[in-house]
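Engineer: Sharing coords05.txt below, compact mmCIF, C-alpha atoms and all ligand atoms:
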```
# COMPACT_ATOMS: atom_id res chain seq x y z
CA MET A 24 101.49 119.75 80.26
CA LYS A 25 102.79 119.45 83.82
CA SER A 26 105.67 117.20 84.76
CA PHE A 27 105.78 115.08 87.88
CA TYR A 28 108.07 112.77 89.75
CA SER A 29 106.42 109.52 90.70
CA CYS A 30 107.27 108.11 94.10
CA LEU A 31 106.48 104.41 94.30
CA ASP A 32 105.95 102.60 97.60
CA ASN A 33 108.26 99.68 98.30
CA GLY A 34 106.38 99.11 101.55
CA CYS A 35 103.49 97.52 99.66
CA SER A 36 105.21 96.04 96.62
CA ASN A 37 104.11 92.51 97.58
CA THR A 38 100.53 93.54 96.96
CA LEU A 39 101.02 96.13 94.25
CA THR A 40 103.89 95.37 91.89
CA GLN A 41 106.01 98.23 90.61
CA ALA A 42 104.34 97.87 87.22
CA MET A 43 100.91 98.34 88.83
CA GLN A 44 102.17 101.32 90.79
CA HIS A 45 103.52 102.92 87.59
CA THR A 46 100.10 102.57 85.99
CA ILE A 47 98.29 104.01 88.99
CA ASN A 48 100.60 106.99 89.46
CA GLY A 49 100.70 107.58 85.71
CA GLN A 50 96.92 107.86 85.69
CA MET A 51 96.99 110.23 88.65
CA ALA A 52 99.52 112.41 86.75
CA THR A 53 97.21 112.41 83.72
CA ASP A 54 94.21 113.31 85.87
CA ASN A 55 96.20 116.30 87.08
CA PHE A 56 97.08 117.49 83.59
CA GLY A 57 100.60 116.11 83.53
CA THR A 58 102.92 113.24 82.92
CA VAL A 59 105.53 111.34 84.92
CA VAL A 60 109.05 112.33 83.88
CA PHE A 61 110.98 110.37 86.47
CA TYR A 62 110.25 107.76 89.07
CA THR A 63 111.89 106.77 92.30
CA ALA A 64 111.19 104.77 95.45
CA GLU A 65 112.61 104.62 98.92
CA ASP A 66 114.56 101.59 100.05
CA ARG A 67 113.20 99.66 103.01
CA GLU A 68 115.74 101.48 105.18
CA THR A 69 114.79 104.98 104.01
CA LEU A 70 110.99 104.63 104.01
CA GLY A 71 110.62 106.55 107.29
CA HIS A 72 112.85 109.50 106.38
CA GLN A 73 112.22 109.63 102.62
CA SER A 74 115.96 110.22 102.17
CA VAL A 75 115.87 109.38 98.46
CA MET A 76 113.12 111.87 97.68
CA ARG A 77 114.66 114.50 99.96
CA SER A 78 117.93 114.37 98.05
CA LYS A 79 116.11 114.62 94.71
CA ILE A 80 114.23 117.68 95.94
CA MET A 81 117.44 119.31 97.17
CA GLU A 82 118.46 119.44 93.51
CA ARG A 83 115.41 121.71 92.99
CA PRO A 84 114.23 119.89 89.88
CA ALA A 85 112.14 121.87 87.38
CA ILE A 86 108.99 119.83 87.90
CA ASP A 87 105.47 120.73 88.94
CA GLY A 88 105.13 118.19 91.68
CA ILE A 89 105.28 114.66 92.99
CA VAL A 90 102.78 111.84 92.69
CA TYR A 91 102.87 109.44 95.64
CA LEU A 92 101.10 106.12 95.63
CA ARG A 93 99.47 106.73 98.99
CA LEU A 94 99.38 108.93 102.07
CA TYR A 95 100.93 106.25 104.21
CA GLN A 96 104.28 107.05 102.60
CA PHE A 97 104.37 110.05 104.96
CA CYS A 98 103.69 107.85 108.01
CA TYR A 99 106.38 105.19 107.85
CA SER A 100 108.27 106.87 110.70
CA GLY A 101 105.29 106.44 113.02
CA THR A 102 103.98 110.00 112.76
CA PHE A 103 102.85 112.00 109.77
CA ASP A 104 105.79 113.91 108.32
CA PHE A 105 104.15 117.31 108.08
CA GLY A 106 107.59 118.95 107.94
CA PHE A 107 108.58 117.35 104.64
CA LEU A 108 105.14 117.89 103.15
CA MET A 109 105.39 121.60 104.03
CA GLU A 110 108.88 121.75 102.55
CA LEU A 111 107.59 120.36 99.25
CA LEU A 112 104.71 122.81 99.17
CA ASP A 113 106.84 125.77 100.25
CA ASN A 114 109.18 125.00 97.36
CA GLY A 115 106.26 125.27 94.97
CA TYR A 116 105.70 121.58 94.33
CA GLU A 117 102.23 120.08 94.13
CA VAL A 118 101.79 116.81 96.03
CA HIS A 119 99.34 114.16 94.80
CA PHE A 120 98.29 110.86 96.37
CA SER A 121 96.87 108.26 94.02
CA ARG A 122 95.17 105.93 96.49
CA GLU A 123 93.28 108.71 98.20
CA LYS A 124 92.76 110.73 94.99
CA LEU A 125 94.02 113.64 97.03
CA SER A 126 95.89 116.63 95.63
CA ILE A 127 97.54 119.34 97.69
CA GLN A 128 98.63 122.29 95.62
CA HIS A 129 99.18 125.04 98.16
CA ARG A 130 100.15 125.45 101.77
CA ASP A 131 96.67 126.93 102.46
CA GLN A 132 95.14 123.63 101.45
CA LEU A 133 97.29 121.87 104.01
CA ASP A 134 95.68 124.00 106.70
CA GLU A 135 92.25 122.90 105.55
CA LEU A 136 93.28 119.25 105.36
CA TYR A 137 95.14 119.19 108.63
CA GLU A 138 92.37 117.57 110.69
CA THR A 139 91.92 114.81 108.12
CA LEU A 140 95.64 114.14 107.95
CA LYS A 141 95.88 114.12 111.74
CA VAL A 142 93.09 111.51 111.90
CA PHE A 143 94.90 109.51 109.22
CA GLU A 144 98.06 109.66 111.34
CA PHE A 145 96.14 108.48 114.38
CA LEU A 146 94.69 105.52 112.49
CA ALA A 147 97.98 104.63 110.88
CA ALA A 148 99.56 104.55 114.34
CA GLN A 149 96.98 102.03 115.49
CA GLU A 150 98.43 99.65 112.88
CA GLN A 151 95.00 98.22 112.38
CA PRO A 152 95.32 95.20 110.10
CA SER A 153 91.92 96.07 108.65
CA ASN A 154 93.02 99.54 107.62
CA PRO A 155 94.80 99.13 104.30
CA GLY A 156 96.11 102.67 104.54
CA ALA A 157 98.12 101.55 107.54
CA LEU A 158 99.43 98.33 106.05
CA SER A 159 102.86 97.68 104.84
CA ASP A 160 103.62 94.12 103.82
CA MET B 24 55.80 84.34 116.79
CA ASP B 25 59.14 84.33 115.04
CA GLU B 26 62.03 86.71 115.63
CA CYS B 27 61.00 89.14 112.94
CA ASP B 28 57.37 89.25 114.01
CA SER B 29 58.46 90.16 117.50
CA HIS B 30 59.46 93.59 116.25
CA PRO B 31 57.04 96.44 116.33
CA PRO B 32 55.80 97.23 112.84
CA PHE B 33 58.52 99.20 111.12
CA SER B 34 56.24 101.63 109.46
CA ARG B 35 56.66 103.29 112.82
CA SER B 36 59.39 105.82 113.31
CA PHE B 37 60.50 108.07 116.09
CA GLN B 38 61.80 111.46 117.00
CA ALA B 39 64.82 111.52 119.28
CA GLN B 40 64.12 112.83 122.76
CA GLY B 41 65.60 116.14 123.71
CA ALA B 42 66.99 116.83 127.14
CA ILE B 43 68.04 120.18 128.41
CA GLY B 44 71.74 120.33 129.12
CA GLY B 45 74.35 122.85 130.23
CA ASN B 46 72.69 126.16 130.88
CA GLY B 47 69.20 124.71 130.75
CA ASN B 48 68.30 126.66 127.66
CA ALA B 49 66.94 124.34 125.00
CA THR B 50 67.10 126.95 122.27
CA THR B 51 70.88 127.24 122.30
CA ASN B 52 73.26 124.77 120.74
CA THR B 53 74.02 123.32 124.15
CA ARG B 54 70.84 121.27 123.71
CA HIS B 55 71.71 117.65 124.28
CA ILE B 56 69.78 115.06 122.35
CA THR B 57 69.78 111.32 122.80
CA LEU B 58 67.79 108.44 121.45
CA SER B 59 65.04 107.51 123.85
CA GLN B 60 65.97 104.47 125.92
CA THR B 61 63.25 102.47 124.20
CA PHE B 62 64.67 103.04 120.78
CA GLU B 63 68.24 102.61 121.93
CA ASN B 64 67.27 99.22 123.34
CA GLU B 65 65.43 98.43 120.15
CA PHE B 66 68.48 99.30 118.06
CA LEU B 67 70.67 97.17 120.30
CA GLU B 68 68.28 94.24 120.02
CA SER B 69 67.40 94.40 116.35
CA GLY B 70 70.39 96.28 114.91
CA PHE B 71 68.21 98.75 113.05
CA LEU B 72 65.69 101.51 113.43
CA VAL B 73 63.65 103.87 111.29
CA ALA B 74 63.87 107.54 112.20
CA LYS B 75 62.14 110.66 110.96
CA ALA B 76 64.29 113.57 109.83
CA HIS B 77 64.49 116.18 112.55
CA GLN B 78 65.02 118.76 109.85
CA PRO B 79 62.48 117.76 107.15
CA ASP B 80 63.33 120.84 105.07
CA GLN B 81 66.81 119.51 104.55
CA ILE B 82 65.58 116.20 103.23
CA GLU B 83 63.24 118.12 100.92
CA GLN B 84 66.29 120.05 99.75
CA ILE B 85 68.13 116.78 98.93
CA LYS B 86 65.10 115.51 97.05
CA GLY B 87 64.89 118.82 95.18
CA ILE B 88 68.53 118.65 94.09
CA ILE B 89 68.06 115.13 92.72
CA PHE B 90 64.77 116.04 91.05
CA ASP B 91 66.31 119.08 89.33
CA LYS B 92 69.39 117.23 88.15
CA ALA B 93 67.42 114.21 86.94
CA ARG B 94 65.02 116.41 84.93
CA GLU B 95 67.95 118.30 83.47
CA ILE B 96 69.82 115.15 82.41
CA LEU B 97 66.70 113.60 80.87
CA ASP B 98 65.56 116.93 79.47
CA VAL B 99 61.97 116.39 80.60
CA ASP B 100 59.43 118.74 82.11
CA SER B 101 57.83 117.69 85.32
CA ALA B 102 56.39 119.82 88.07
CA ASN B 103 55.93 117.13 90.66
CA ALA B 104 58.86 115.27 92.20
CA GLU B 105 56.73 112.51 93.70
CA SER B 106 55.11 111.70 90.40
CA PHE B 107 58.41 112.02 88.50
CA PHE B 108 60.14 109.50 90.77
CA ASP B 109 57.22 107.06 91.00
CA ASN B 110 56.61 107.08 87.25
CA PHE B 111 60.21 107.22 86.19
CA HIS B 112 59.95 103.85 84.36
CA ARG B 113 57.54 105.47 81.90
CA ASN B 114 60.54 107.27 80.37
CA GLY B 115 61.37 103.91 78.78
CA LEU B 116 65.16 103.99 79.28
CA ASN B 117 66.95 100.79 78.25
CA ASP B 118 69.49 99.20 80.63
CA SER B 119 72.45 100.99 79.13
CA ASP B 120 70.74 104.41 79.09
CA LEU B 121 69.52 103.87 82.63
CA ASN B 122 73.05 103.07 83.75
CA ASP B 123 74.47 106.17 82.03
CA PHE B 124 71.71 108.28 83.57
CA ARG B 125 72.39 106.91 87.05
CA VAL B 126 76.17 107.35 86.81
CA ARG B 127 75.77 110.94 85.65
CA LEU B 128 73.14 111.69 88.27
CA ILE B 129 75.32 110.31 91.08
CA SER B 130 78.29 112.33 89.87
CA GLU B 131 76.33 115.57 89.54
CA PHE B 132 74.48 115.07 92.82
CA ASN B 133 77.72 114.48 94.69
CA SER B 134 79.25 117.56 93.09
CA ALA B 135 76.46 119.71 94.54
CA PRO B 136 77.72 121.53 97.64
CA ASN B 137 77.43 119.90 101.06
CA VAL B 138 74.98 117.10 100.26
CA CYS B 139 76.42 114.84 102.97
CA GLU B 140 76.34 117.68 105.47
CA ILE B 141 72.69 118.36 104.65
CA ILE B 142 71.78 114.71 105.23
CA PHE B 143 73.84 114.68 108.43
CA GLU B 144 72.05 117.79 109.70
CA ALA B 145 68.65 116.34 108.85
CA PHE B 146 69.29 113.28 111.04
CA LYS B 147 71.85 114.80 113.38
CA ASP B 148 70.15 113.78 116.61
CA THR B 149 69.96 110.14 115.61
CA LEU B 150 73.49 110.11 114.22
CA PHE B 151 74.91 111.79 117.31
CA SER B 152 73.33 109.07 119.40
CA LEU B 153 74.59 106.24 117.21
CA VAL B 154 78.10 107.36 116.28
CA GLY B 155 78.80 110.42 118.43
CA PRO B 156 79.81 113.96 117.56
CA ASP B 157 83.12 112.90 115.98
CA ALA B 158 81.75 111.54 112.74
CA VAL B 159 82.91 110.70 109.26
CA VAL B 160 80.69 110.18 106.25
CA GLN B 161 81.10 108.25 103.02
CA LYS B 162 82.40 110.72 100.44
CA SER B 163 79.99 109.75 97.70
CA VAL B 164 76.28 109.08 98.25
CA ASN B 165 74.85 106.17 96.23
CA ILE B 166 71.57 106.57 94.37
CA VAL B 167 69.65 103.39 93.55
CA ILE B 168 66.79 103.35 91.06
CA GLN B 169 64.73 100.15 90.83
CA GLN B 170 62.10 100.11 88.13
CA PRO B 171 59.15 97.69 88.37
CA GLY B 172 60.19 94.17 87.38
CA ASP B 173 63.92 94.96 87.29
CA THR B 174 65.60 91.70 88.30
CA SER B 175 69.09 93.15 88.69
CA VAL B 176 69.02 93.24 92.48
CA SER B 177 71.84 92.32 94.85
CA PRO B 178 71.38 89.10 96.79
CA ALA B 179 71.05 89.30 100.57
CA HIS B 180 74.38 90.38 102.00
CA ARG B 181 75.91 92.29 104.88
CA ASP B 182 78.24 95.25 104.39
CA ALA B 183 80.78 94.23 107.07
CA PRO B 184 83.21 92.88 106.18
CA PRO B 185 84.65 94.54 104.09
CA ASN B 186 83.13 97.57 105.81
CA SER B 187 83.72 98.09 109.50
CA LEU B 188 81.29 96.83 112.14
CA TYR B 189 81.55 100.33 113.60
CA GLU B 190 79.59 101.84 110.71
CA VAL B 191 75.91 102.58 110.39
CA VAL B 192 74.24 102.45 106.99
CA VAL B 193 71.64 105.10 106.26
CA TRP B 194 69.06 104.08 103.68
CA LEU B 195 66.91 106.97 102.59
CA PRO B 196 63.95 106.43 100.26
CA LEU B 197 62.93 109.34 98.06
CA THR B 198 59.39 108.01 97.70
CA LYS B 199 56.93 106.08 99.81
CA CYS B 200 57.99 102.47 100.33
CA TYR B 201 55.50 99.65 100.66
CA GLY B 202 55.32 95.98 99.70
CA THR B 203 58.25 95.09 97.44
CA LYS B 204 59.06 98.76 96.80
CA GLY B 205 61.01 98.88 100.05
CA MET B 206 64.05 97.27 101.61
CA SER B 207 64.11 94.01 103.55
CA ILE B 208 66.38 93.50 106.49
CA LEU B 209 67.29 90.58 108.75
CA ASP B 210 67.50 91.59 112.38
CA ARG B 211 70.45 90.66 114.59
CA SER B 212 69.05 87.30 115.56
CA ALA B 213 68.26 86.28 111.96
CA SER B 214 71.59 87.66 110.79
CA SER B 215 73.46 85.56 113.30
CA LEU B 216 71.57 82.47 112.08
CA ALA B 217 72.60 83.46 108.55
CA ASN B 218 76.22 83.72 109.66
CA GLU B 219 76.07 80.19 111.10
CA MET B 220 74.73 78.88 107.79
CA LEU B 221 77.37 80.64 105.71
CA GLU B 222 80.21 79.64 108.03
CA LYS B 223 79.42 75.92 107.54
CA GLU B 224 81.76 73.92 105.33
CA PRO B 225 80.51 73.96 102.62
CA PRO B 226 78.33 77.04 103.18
CA ALA B 227 74.60 76.23 103.35
CA TYR B 228 73.80 78.86 100.74
CA GLU B 229 70.37 77.47 99.77
CA ASP B 230 69.30 77.42 103.43
CA PHE B 231 70.59 80.98 103.76
CA LYS B 232 68.49 82.13 100.79
CA LYS B 233 65.38 80.53 102.33
CA LEU B 234 66.15 82.16 105.67
CA ALA B 235 66.61 85.57 104.06
CA ALA B 236 63.27 85.25 102.26
CA ALA B 237 61.44 84.06 105.37
CA LYS B 238 63.01 86.35 107.96
CA GLY B 239 63.56 89.52 105.97
CA THR B 240 61.47 92.30 107.48
CA PRO B 241 60.01 94.39 104.65
CA LEU B 242 60.06 98.00 105.72
CA GLU B 243 57.21 100.37 105.09
CA MET B 244 58.57 103.87 105.07
CA ASP B 245 57.56 107.35 104.06
CA PHE B 246 59.70 109.96 102.42
CA GLY B 247 61.36 111.91 105.24
CA GLU B 248 62.25 108.76 107.14
CA ALA B 249 65.53 106.89 107.04
CA LEU B 250 66.53 103.40 107.96
CA PHE B 251 69.65 103.18 110.14
CA PHE B 252 71.16 99.73 110.25
CA TRP B 253 74.26 98.08 111.58
CA THR B 254 76.68 96.85 108.92
CA GLY B 255 76.56 93.36 110.47
CA LEU B 256 72.93 92.88 109.34
CA TYR B 257 71.97 91.04 106.15
CA HIS B 258 69.71 93.02 103.88
CA TYR B 259 68.38 93.01 100.35
CA ILE B 260 66.03 94.83 98.09
CA PRO B 261 63.42 92.56 96.56
CA VAL B 262 62.50 92.66 92.87
CA ASN B 263 60.11 95.59 92.70
CA ALA B 264 56.74 94.02 91.91
CA GLU B 265 54.81 97.25 92.49
CA SER B 266 53.76 99.60 89.71
CA GLU B 267 56.03 102.46 90.82
CA THR B 268 59.79 102.99 90.63
CA ARG B 269 61.78 102.82 93.86
CA TRP B 270 64.37 105.61 94.41
CA SER B 271 66.69 105.51 97.37
CA LEU B 272 69.97 106.89 98.64
CA ASN B 273 72.44 105.06 100.80
CA LEU B 274 75.50 106.23 102.69
CA ARG B 275 77.51 105.24 105.72
CA PHE B 276 78.58 107.07 108.86
CA LYS B 277 80.97 106.05 111.59
CA ASN B 278 82.83 107.52 114.49
CA THR B 279 86.02 109.18 113.31
CA PHE B 280 88.16 107.33 115.84
CA SER B 281 86.58 103.86 115.74
CA PRO B 282 88.17 100.99 113.78
CA TYR B 283 87.92 101.19 110.00
CA GLY B 284 87.27 98.32 107.61
CA ARG B 285 88.76 98.07 104.13
CA LYS B 286 87.60 101.61 103.46
CA GLY B 287 89.47 104.33 105.25
CA ILE B 288 89.89 108.06 105.48
CA PRO B 289 90.38 110.04 103.30
CA ASP B 290 90.01 107.50 100.48
CA TYR B 291 86.36 106.67 101.26
CA PHE B 292 85.28 108.74 104.26
CA ARG B 293 85.62 112.37 105.18
CA ILE B 294 85.03 114.25 108.41
CA VAL B 295 81.51 115.62 108.74
CA SER B 296 81.46 116.61 112.41
CA SER B 297 84.00 117.13 115.19
CA SER B 298 83.43 117.34 118.91
CA PRO B 299 84.61 120.46 120.75
CA LEU B 300 87.22 118.35 122.52
CA SER B 301 88.65 117.01 119.25
CA LYS B 302 88.72 120.55 117.87
CA LEU B 303 90.77 121.71 120.84
CA ALA B 304 93.17 118.77 120.70
CA ILE B 305 93.67 118.99 116.96
CA GLY B 306 94.06 122.76 117.12
CA GLN B 307 96.78 122.32 119.70
CA ALA B 308 98.62 119.68 117.65
CA LYS B 309 98.40 121.89 114.58
CA LYS B 310 100.46 124.60 116.24
CA SER B 311 103.47 122.31 116.47
CA ASP B 312 102.90 120.34 113.25
CA LEU B 313 102.28 123.37 111.02
CA PRO B 314 104.18 126.27 112.54
CA THR B 315 103.43 129.54 110.81
FE FE C 401 74.56 96.60 101.32
```
Please lay out the structure from this file as structure tokens.
Structural biologist:
Amino acid sequence: MKSFYSCLDNGCSNTLTQAMQHTINGQMATDNFGTVVFYTAEDRETLGHQSVMRSKIMERPAIDGIVYLRLYQFCYSGTFDFGFLMELLDNGYEVHFSREKLSIQHRDQLDELYETLKVFEFLAAQEQPSNPGALSD
Amino acid sequence: MDECDSHPPFSRSFQAQGAIGGNGNATTNTRHITLSQTFENEFLESGFLVAKAHQPDQIEQIKGIIFDKAREILDVDSANAESFFDNFHRNGLNDSDLNDFRVRLISEFNSAPNVCEIIFEAFKDTLFSLVGPDAVVQKSVNIVIQQPGDTSVSPAHRDAPPNSLYEVVVWLPLTKCYGTKGMSILDRSASSLANEMLEKEPPAYEDFKKLAAAKGTPLEMDFGEALFFWTGLYHYIPVNAESETRWSLNLRFKNTFSPYGRKGIPDYFRIVSSSPLSKLAIGQAKKSDLPT
């Protein structure tokens, strides 16, 4: 059984309560043959830099990966944070996104997904109100 | 003559017109294809068109995959796809079994490699004209099976919203469609009348239902043709009063960089085609985003 950190999204907690986010990420962990052993969330002030998650990862926890609620958690700074995503993968952590049902297990996969993630970044930057992936509350 | 009658009969379909581009050699992949002006105007006016697959083999391949998987799930022998689909109701599945069958078929069909790419290739010329070479496709293709007399049909509706108005719906019958075995669609003018009715306070829903019944254009189509319609159009499938089962696929395409509705990328769509220019730009960005 794999163990995951769950990273909730305070940027959309008006729409999806923490309890709902726990359920969703818990299911994503189960779908990926694991369970959530710890959860965290960025404060409003740290959403863009993911400072909370960065400091957890610096402790090099013995987990298999992280389950995020959605891809947009990597776009709060205005651009997609490829650097941090690479850092997670290079340290051997899987990264899962519940909303998109997207799992990235290896750096090679990031190469394949790059175009999609770049398009996602472009759309997120448009801040289209009709694109829920780009919405915070 | 009312708005719907003013359309040419929609049993008619077209092949996109090819024009020689670049080096003037039509056999290379520099061949540039566009919808003929007539059909482009027709799409602009009505919001829909019926087009023949430019690669019929690929549509046959899609039909073959569904036929094989359906026979396997039902564990029946049948040598003829046409007859299997048309006479599917003779298997006597109850509602629950039919639902289980359909869910499993959709899942297995979508797990087969490259099904969206095959459909895209089959209608590439039309899709390039409508959405351009930077295109995304719905990740999972829907399969709809309507047995004779089945009353569980969706009422007339449009897909946008919640879908984006920048999407085109592709409706692909697996068998010949005629009478009530096909799809009915309200053209742009009828759809805008429908919008007026539904925007009233309270919405004139009964008037809308009468309008949909009166103005819906029933489409006569052959296997190998697909209906392309704008997500702003109202459409419905009538209760199938014919003696054969209706099988159809539906999926949506849009330009990668046009506005999205409630369904985005990569949750609902995925990239199916990229223009050379986008490939260059994204390749360049990749060098700085993902340094090796
Ligand atoms: Fe629809």
Engineer: Would you give me, as JSON lines, each residue of chain B having an atom within 7 Å of an atom of ligand FE 401 (chain C), along with its shortest atom pair and that distance in Å to one decimal, using only C-alpha atoms and all ligand atoms and sorting by chain and residue number?
Structural biologist:
```
{"residue": "B:His180", "atom": "CA", "partner": "C:FE401", "partner_atom": "FE", "distance": 6.3}
{"residue": "B:Arg181", "atom": "CA", "partner": "C:FE401", "partner_atom": "FE", "distance": 5.8}
{"residue": "B:Asp182", "atom": "CA", "partner": "C:FE401", "partner_atom": "FE", "distance": 5.0}
{"residue": "B:His258", "atom": "CA", "partner": "C:FE401", "partner_atom": "FE", "distance": 6.5}
```
Engineer: Counting only C-alpha atoms, what is within 10 Å of A:Arg67, bar same-chain residues fewer than 5 positions away, as a list in words?
Structural biologist: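 The residues that qualify are Asp32, Asn33 and Gly34 of chain A.
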Engineer: Would you put the residues from that selection into a file with C-alpha atoms, as a PDB file, keeping the file's coordinate frame?
Structural biologist:
```
ATOM      1  CA  ASP A  32     105.950 102.600  97.600  1.00  0.00           C
ATOM      2  CA  ASN A  33     108.260  99.680  98.300  1.00  0.00           C
ATOM      3  CA  GLY A  34     106.380  99.110 101.550  1.00  0.00           C
TER       4      GLY A  34
END
```
Engineer: Could you give me, as CSV, a per-residue list for stretch 63-114 of chain A showing, wherever an atom lies at most 7 Å from an atom of stretch 135-147 of chain A, the closest pair of atoms and their distance in Å to one decimal, using all atoms listed in the file and sorting by chain then residue number from low to high?
Structural biologist:
```
residue,atom,partner,partner_atom,distance
A:Cys98,CA,A:Glu144,CA,6.8
A:Thr102,CA,A:Glu144,CA,6.1
A:Phe103,CA,A:Glu144,CA,5.6
```
Engineer: Restricting the calculation to only C-alpha atoms, which member of B:Asn186, B:Asn137, B:Thr198, B:Ser214 is positioned closest to chain A?
Structural biologist: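 Counting only C-alpha atoms, the residue closest to chain A is B:Asn186.
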Engineer: Show me which bits of chain B are within 8 Å of chain A, counting all atoms listed in the file, as a list in words.
Structural biologist: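 So the residues of chain B near chain A are Thr279, Phe280, Pro282, Tyr283, Gly284, Arg285, Lys286, Gly287, Ile288, Pro289, Asp290, Tyr291, Arg293, Ile294, Ile305, Lys309, Asp312 and Leu313 of chain B.
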Engineer: Calculate how many Å separate atom CA of B:Ser69 from atom CA of B:Leu209, rounding to one decimal.
Structural biologist: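 A separation of 8.5 Å between them.
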Engineer: Which distance in Å separates atom CA of B:Ala74 and atom CA of B:Thr61, to one decimal?
Structural biologist: 13.0 Å
Engineer: Would you kindly return, as a list in words, each protein, DNA or RNA residue with an atom no farther than 10 Å from any atom of B:Glu68, considering only C-alpha atoms and excluding same-chain residues fewer than 2 positions away?
Structural biologist: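 Near neighbours after the sequence-gap exclusion: His30, Phe62, Glu63, Asn64, Glu65, Phe66, Gly70, Phe71, Asp210, Arg211 and Ser212 of chain B.
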Engineer: I want to know what sits within 12 Å of B:Val154, based on all atoms listed in the file, with residues of the same chain fewer than 2 positions away left out; could you give that as a PyMOL selection string?
Structural biologist: chain B and resi 57-58+143+146-152+156-160+188-192+251-253+275-281+295-298
Engineer: Work out how far atom CA of B:Asn122 is from atom CA of B:Ala135, in Å to one decimal.
Structural biologist: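 We find that atom CA of B:Ala135 and atom CA of B:Asn122 lie 20.1 Å from each other.
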Engineer: Between A:Asn48, A:Asn114, A:Ser74, A:Thr38, which has the minimum distance to A:Asp87 (counting only C-alpha atoms)?
Structural biologist: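 Counting only C-alpha atoms, the residue closest to A:Asp87 is A:Asn114.
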Engineer: List the spatial neighbours of A:Asp113 as a list in words - criterion: any atom at most 12 Å away, all atoms listed in the file, same-chain residues fewer than 2 positions off excluded.
Structural biologist: Ile80, Arg83, Gly88, Phe105, Gly106, Phe107, Leu108, Met109, Glu110, Leu111, Gly115, Tyr116, Glu117, Val118, Ile127, Gln128, His129, Arg130, Asp131, Gln132 and Leu133 of chain A; Leu313 and Thr315 of chain B
Engineer: Compare B:Ile141, B:Ala217, B:Ile96, B:Ile89 by their minimum atom-to-atom distance to B:Gly255, counting all atoms listed in the file, and give me the closest one.
Structural biologist: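 Checking each of B:Ile141, B:Ala217, B:Ile96, B:Ile89 against B:Gly255, counting all atoms listed in the file, the winner is B:Ala217.
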Engineer: Taking into account all atoms listed in the file, which residue in the set A:Pro84, A:Cys35, A:Phe27, A:Gln41 is nearest to A:Gln96?
Structural biologist: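 Of the candidates, the smallest distance to A:Gln96 is held by A:Cys35.
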Engineer: Would you mind telling me which residue in A:Lys25, A:Cys30, A:Leu92, A:Leu70 lies nearest to A:Thr53 when using only C-alpha atoms?
Structural biologist: A:Lys25
Engineer: Hey, which of B:Gly172, B:Pro79, B:Pro241, B:Gly87 ends up closest to B:Ser207? Count all atoms listed in the file.
Structural biologist: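 Closest candidate: B:Pro241.
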